[in-house]
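Asks: Structure below; questions to follow.
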4 protein chains.
Amino acid sequence: MSDVNKVVLAYSGGLDTSVIVRWLQDTYQCEVVTFTADLGQGEEVEPARAKAQALGVKEIYIEDLREEFVRDYVFPMFRANAIYEGEYLLGTSIARPLIAKRLIEIANATGADAISHGATGKGNDQVRFELGAYALKPGVKVIAPWREWDLTSRETLMKYCEERNIPVDFSNKKKKSPYSMDANLLHISYEGDLLENPWNEAEEDMWRWSVSPEAAPDQPTYLELTYEQGDIVAINGERMSPATVLETLNKIGGANGVGRLDIVENRFVGMKSRGCYETPGGTIMMKAHRGIESLTLDREAAHLKDELMPRYAKLIYNGFWWSEERKMLQQMIDYSQRHVNGDVRVKLYKGSVSVVGRRSADSLFDESIATFEDDAGSYNQKDAEGFIKLNALRMRIAASKGRQF
Amino acid sequence: MSDVNKVVLAYSGGLDTSVIVRWLQDTYQCEVVTFTADLGQGEEVEPARAKAQALGVKEIYIEDLREEFVRDYVFPMFRANAIYEGEYLLGTSIARPLIAKRLIEIANATGADAISHGATGKGNDQVRFELGAYALKPGVKVIAPWREWDLTSRETLMKYCEERNIPVDFSNKKKKSPYSMDANLLHISYEGDLLENPWNEAEEDMWRWSVSPEAAPDQPTYLELTYEQGDIVAINGERMSPATVLETLNKIGGANGVGRLDIVENRFVGMKSRGCYETPGGTIMMKAHRGIESLTLDREAAHLKDELMPRYAKLIYNGFWWSEERKMLQQMIDYSQRHVNGDVRVKLYKGSVSVVGRRSADSLFDESIATFEDDAGSYNQKDAEGFIKLNALRMRIAASKGRQF
Amino acid sequence: MSDVNKVVLAYSGGLDTSVIVRWLQDTYQCEVVTFTADLGQGEEVEPARAKAQALGVKEIYIEDLREEFVRDYVFPMFRANAIYEGEYLLGTSIARPLIAKRLIEIANATGADAISHGATGKGNDQVRFELGAYALKPGVKVIAPWREWDLTSRETLMKYCEERNIPVDFSNKKKKSPYSMDANLLHISYEGDLLENPWNEAEEDMWRWSVSPEAAPDQPTYLELTYEQGDIVAINGERMSPATVLETLNKIGGANGVGRLDIVENRFVGMKSRGCYETPGGTIMMKAHRGIESLTLDREAAHLKDELMPRYAKLIYNGFWWSEERKMLQQMIDYSQRHVNGDVRVKLYKGSVSVVGRRSADSLFDESIATFEDDAGSYNQKDAEGFIKLNALRMRIAASKGRQF
Amino acid sequence: MSDVNKVVLAYSGGLDTSVIVRWLQDTYQCEVVTFTADLGQGEEVEPARAKAQALGVKEIYIEDLREEFVRDYVFPMFRANAIYEGEYLLGTSIARPLIAKRLIEIANATGADAISHGATGKGNDQVRFELGAYALKPGVKVIAPWREWDLTSRETLMKYCEERNIPVDFSNKKKKSPYSMDANLLHISYEGDLLENPWNEAEEDMWRWSVSPEAAPDQPTYLELTYEQGDIVAINGERMSPATVLETLNKIGGANGVGRLDIVENRFVGMKSRGCYETPGGTIMMKAHRGIESLTLDREAAHLKDELMPRYAKLIYNGFWWSEERKMLQQMIDYSQRHVNGDVRVKLYKGSVSVVGRRSADSLFDESIATFEDDAGSYNQKDAEGFIKLNALRMRIAASKGRQF
């Protein structure tokens, strides 16, 4: 167990990962490098510095990755309209590859031979962290304390802290919640406690990022979103950076009760789990992106994307962001977005998002053809007869051989 | 043009199809059989009898097909979670195969050699009617007046009516709307007029089946839906027939502003068109079915269904209900539903539907495994290490050959 | 390690599994039940009885499963035209689910709480055995000695035998080959030794079931195969059982040099491996089945099968025969075969198989339509214009917006 | 019918298209531009000049497109391992998009407003030509004489020639065959005559590009093919251009009886047809490309390609080369080929092609892991246990709920 020299830890500054710092030092007699990222989780990251220092950490990385996160991970994923199992917008999943990448880059920069994280052995996050790490640095050693140690109950953990003088109250703000939570600029998630019975409705005071639909304003809010090559570049005509787009939509969406989700999902490790999510901005982006694509994307291009989407979403959910197959799909998806430009008008109202208008200089909507009025010959209705006849031919032949019904 | 002996017409009793009766008689010198079905469109069908008689029709079929429609078409489609282009619940599409089937059965019963319908040459419905007809009676002749005649403007049509004493005002109720509409128990649709500009927001007074979210009650409505083998069999504990289920959900959904949709869609004939839809009950069923499946369906079964769903939905949209490939997919889907039993609790509120609880005697959710608390050994976290290592192996090998990033 | 009471072992009668008998007895202090199946591997199974008895085994199962194997596993798989990675006919993969099933059934019959097998920790077979076992008896304990013991070199193994008086020469016939081999009625496989370098050509004397193409007869052999619902029921007009069909085709195919394959494949556990296979009968069946389907299957049914085939093949390769998703696909595939009846004429010649004729009472080939001669109006060439125009419409609209190339 | 000013005709120099020149001049009173391409069909194209001149054509385009054909159409298609309906290598299909493109480019260069071709109204080629033309020049007029004229029998055609002094014997060489044939550098095809009965075996003297397997040399031929990014760049160490690669492989393959195929296929227009094909070089390339991919492509990349291949092949077969969805898939496929480098050794013998060796500096085959011998710890067999356990988990849970079998 002692063949680790230096380990880079994904460090939140909270109790659990603080315990991990000490446990790594004790167990592996190795140096620990901490890495704390601001991905928009809504908590200060700078305080992690003092905490790490107090634990004797010498190399401390604290980074604001919000723009990189949205630009290189969230936006590409939304180009695919990715939804896992028909419902989940992959808020947790999409943050892991970036963390894995930075862990490895920092390992390379500091000469570390291992990485570590605070994810448990039952969840998806361990898989996402570790697949990323292995894909980017095949010889890296991965230490997952929750799979190794015996601090598996709250009591043993507390005892461990006491014995080692780890201050147990330094993240008490988060501990007020009985739920296991994760947050980044795309979403916040809740698991555990009374959610473990999927028949229980989530309590209203669990939700943190959105008001309840009942408490949202009585007047709808309208937004105009401007797309370039599949990404939002402006809101109500004001250009802004990717992270600012998402922050803005989160704020407005949350104020309108938009983006709550309560599901039972299938984890990659084989079990079902119940989770609740708030994804205000993402929920708006999903609807709006389909809106702009509906106008600018070729039919079969859209259908090809739709048929491959569940597979793409599953790859991200399961942690295969850095895999060849995800990159192949991304190539295809990004290529499809080169004409996805224009404006979408959305209406937010007490929890719902509706697309109420879309326009584009690259529109493929041809009013002169689609019209119920005189189309001046741009479409010959008689063409439909031959179209139908030949589409029917194989079925007619089959029926003539007695294969009806 | 005179080689038609007898034709069965899908007859609504409205002006357009009444003109078609006369036009068929005139043009083909043939006998016309009318077929009028109650599919839940919300208009009396019995008045069609007198209108047909007035036009000299001798064989008049008027049928209540609501139960057959929901039981054999709507419900099987919802087992697939079918959505076209990410948004559209296929309300118009799913009614056409049943009409096609009855047209052909009536043709067989009355010795007719042709069928006819009132769909235009630009839309999807002509395709759906005719593919169905050809698949079920390969030698049938299809007459699509809108592709043949020259009554293509309102004036020429009116002139034709005048010359032939067809009463033009007998369906004036429907004509008050500037929109082209279609309705059945699953939905009502709107096309045309100001919708032809996809940037225009639909007017509030266009919608007919639902109140606006703004006008919906300030208190949410909760429903408990009971599933057996993928179909709803009871609402709030009261067993009811398929059509009654849908009628009930339409009523309650509509009262809560649920089920409005505004999209640009891709027609099979090659153009984009803008449509608005109200599908109150269907919108509830879609969410609830995913809810019960999330608890009772195996993960990979669910993912297989998700990956094939866009193709299945496209088949129905394009009119291939009676095709071999749709039937093959249906076999697979129906088989997957044998354990999809249990209850789903949904919350309706001002336009939104949320699943807030689900339970089932066939649940695959194993609380003892998923728990964040002590699982008493039902899951060995150490298994995850090997799981991840072997999932990563191919990526590690690739990376070790220099293929990172 | 001692909490095993009784274990059912997949016992070949060879050295390795004989060592396993003893090792299980020693290590787990448990009773061992042996199960030896004739799956058509071409070796007597009855001698396994005396060997097992000599090792102190009291419950010995020896069974001829050839008919069940071909009827319930091989034939259903060939209905799907299943090929893994474009080349491999899944000969080893398809035998494992049946063995897993019998292991579990015997465990249930004998009150055993564990099963064991002789597959290594690097291969696919361990996965196939164990996934099957777990799927059929979720609480079963699985013992995989090759993953547990330290007898990992030939020397330690021999020493173990010597110390325990296990006769090391009793399967010396098989040991003459330097290759790791596996055989059943569908195929024989070779791995290891010089094949481990994928640039090396396999030696001629490695192959056991087929003559080399060079040594095959100078005259071709013709066969007429009769299909009912996708399965061969007669050869040259003679009806025979499933296993007899496959045996017969193996003999004739092998005599004509048919069915050799040399590939590099991707294992489920993450590595590439090189394997050689002889599948004489299977190679003929694959070509012939496509032949009869080409005449009797609807186009889109065939294409749907083709698009899902790689996924179906992968499920079998990876060991998911008993999974819900494989069963769902099988439902669809079996349904598609209800009209796949008729005769296929194949020509075998020095390693190649060609379909040279096919006929069926359920043929969908309509000579009167397909002919280059006068078709007497059964096809209206003018229909093609509308068909093409509407298929082109979306591309014309795109091009008119400047999106050529 | 006279609103055509100038038409570009795909002109072979044969009788049929010569008649078309005159018919276009007569019927449309328009100028005809001829376009004759050398795609490797094995006939001189230069003689078409005199024939066109004799028919009064002033603008005559005769081009050698062999390199462009192989480099930009054949090779990209083979990167996808494209096979239609499990058998057909798409030899005819892949030539059409290039012809369509040149027709449109010449139309643009000459100011023509129409294009024309000699394909019939029953086949796929009309679709392929016209979809291409419309996709590249949306306003182009397409004239398909075989769908318009009444010269549908040999007699009426001859009479037409006689009346207009078109020399009927100038292509008598080709007319010696009773089959409808098409050839380019990738293949030659045969349809019609006795092939119209799919039970008839093709006659030996029909085949033109290959000797029969029986007549091929008694000694096998070995070739070493060198790949760069998925394309063959050298044969037996000699670098050569794409067209030379294919010509060389055709010659060697044909001499070894390689590449004959006899199938019933499903046309896009809805009927089944029987065709025979000789694709010597393509057959070798297909096997060899899979061989080099087996060594250099990631498993899931390969599987993704395999699952999408039938759809890609269908797009090409149906004439959608210039569609957005084909281009999207091509992006993905081409990207996947960036490491597909190395050598493949193939053995040709009396009709069969076998891969007998493959090697690559980009190999992902890791002998140290795959070996049956001691792997020095590069693979930990114990990892397999956790891998299997978690892969089995969902099935175990289902089984524990009574869902076995």
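Every chain in the structure tokens takes a letter, A first, then B, and so on in the order presented; its residues are numbered from 1, and the ligands are numbered from 1 following the presented order.
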With a distance cut-off of 12 Å and only C-alpha atoms, select the neighbouring residues of D:Lys389, excluding the residue or stretch itself and same-chain residues fewer than 3 positions from it, and output the selection as a PyMOL selection string.
Replies: (chain A and resi 269-271) or (chain B and resi 378-388) or (chain C and resi 126-135+138-142) or (chain D and resi 382-386+392-397)
Asks: Residues at most 8 Å from stretch 196-198 of chain C, counting only C-alpha atoms, excluding those fewer than 6 positions away in the same chain, as a count of residues only?
Replies: 9
Asks: Could you find all residues in stretch 45-265 of chain B that DSSP calls helix (DSSP H, G or I) from the backbone, and write them as a PyMOL selection string?
Replies: chain B and resi 47-54+66-79+93-110+125-136+145-148+154-163+172-175+193-196+204-206+213-215+242-255
Asks: Which residues come within 12 Å of C:Glu105, counting only C-alpha atoms, excluding same-chain residues fewer than 4 positions away, as a list in words?
Replies: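 Final neighbour list, sorted by chain and number: Val8, Phe35, Tyr61, Leu98, Ile99, Ala100, Lys101, Ala109, Thr110, Gly111, Ala112, Asp113, Ala114, Ile115, Gly132, Ala133, Leu136, Lys137 and Val140 of chain C; Gln404 and Phe405 of chain D.
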Asks: Find the distance between atom CA of D:Val356 and atom CA of C:Leu246 and write it in Å to one decimal.
Replies: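 Computing the Euclidean distance for atom CA of D:Val356 and atom CA of C:Leu246 yields 26.7 Å.
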Asks: Excluding B:Glu31 and its own-chain neighbours fewer than 2 positions away, which residues fall within 8 Å of it when counting only C-alpha atoms? Please give them as a short mmCIF file (atom, residue, chain, number, x, y, z; two decimals) with N, CA and C atoms, in the first residue's frame.
Replies:
```cif
data_model
loop_
_atom_site.label_atom_id
_atom_site.label_comp_id
_atom_site.auth_asym_id
_atom_site.auth_seq_id
_atom_site.Cartn_x
_atom_site.Cartn_y
_atom_site.Cartn_z
N ASN B 5 -66.18 1.82 -59.58
CA ASN B 5 -67.55 1.37 -59.44
C ASN B 5 -68.19 1.94 -58.18
N LYS B 6 -67.48 1.78 -57.09
CA LYS B 6 -68.00 2.24 -55.81
C LYS B 6 -66.83 2.67 -54.95
N VAL B 7 -67.00 3.79 -54.24
CA VAL B 7 -65.89 4.31 -53.46
C VAL B 7 -66.35 4.58 -52.02
N GLN B 25 -69.21 11.58 -57.29
CA GLN B 25 -70.37 11.13 -58.07
C GLN B 25 -70.31 11.67 -59.49
N GLN B 29 -68.74 8.98 -61.81
CA GLN B 29 -70.03 8.35 -62.08
C GLN B 29 -70.19 7.08 -61.25
N VAL B 33 -69.95 5.50 -50.79
CA VAL B 33 -70.30 5.02 -49.45
C VAL B 33 -69.60 5.95 -48.47
N VAL B 57 -76.37 9.56 -50.81
CA VAL B 57 -75.61 8.37 -50.42
C VAL B 57 -76.54 7.32 -49.85
#
```
Asks: To test your reading of the structure, identify every residue in stretch 53-301 of chain D that backbone DSSP assigns to strand (DSSP E or B), and report it as a PyMOL selection string.
Replies: chain D and resi 59-64+84+88+114-116+141-143+180-184+187-191+221-228+231-235+238-239+260-266+272-278
Asks: Find the residues near C:Ala243: any atom within 7 Å, counting only C-alpha atoms, skip ones fewer than 3 places away on the same chain, and give them as a CSV table (one decimal) with C-alpha atoms, in the first residue's frame.
Replies:
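The resulting result32.csv:
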```csv
chain,number,residue,atom,x,y,z
C,66,ARG,CA,-26.9,-31.4,-28.8
C,67,GLU,CA,-30.5,-31.1,-29.9
C,70,VAL,CA,-28.9,-26.3,-31.8
C,246,LEU,CA,-25.7,-28.9,-38.3
C,247,GLU,CA,-23.7,-32.1,-38.1
```
Asks: Which residues are near B:Asn124? Cut-off 9 Å, only C-alpha atoms, ignore same chain within fewer than 4 positions. Put them as an NGL selection string.
Replies: :B and (93 or 119-120 or 128-129 or 267-269 or 317-319)
Asks: What residues in chain D have any atom no more than 8 Å from chain A when counting only C-alpha atoms, and can you write them as a list in words?
Replies: Val269, Gly270, Met271, Asp298, Glu300, Ala301, Leu304, Glu324, Glu325, Met328, Leu329, Gln331, Met332, Ile333, Tyr335, Ser336, Leu390, Asn391, Ala392, Leu393 and Arg394 of chain D
Asks: Please identify all polymer residues within 7 Å of C:Ile292, counting only C-alpha atoms, omitting same-chain residues fewer than 4 positions from it, and present them as a PyMOL selection string.
Replies: chain C and resi 288+296+340+342-344+358
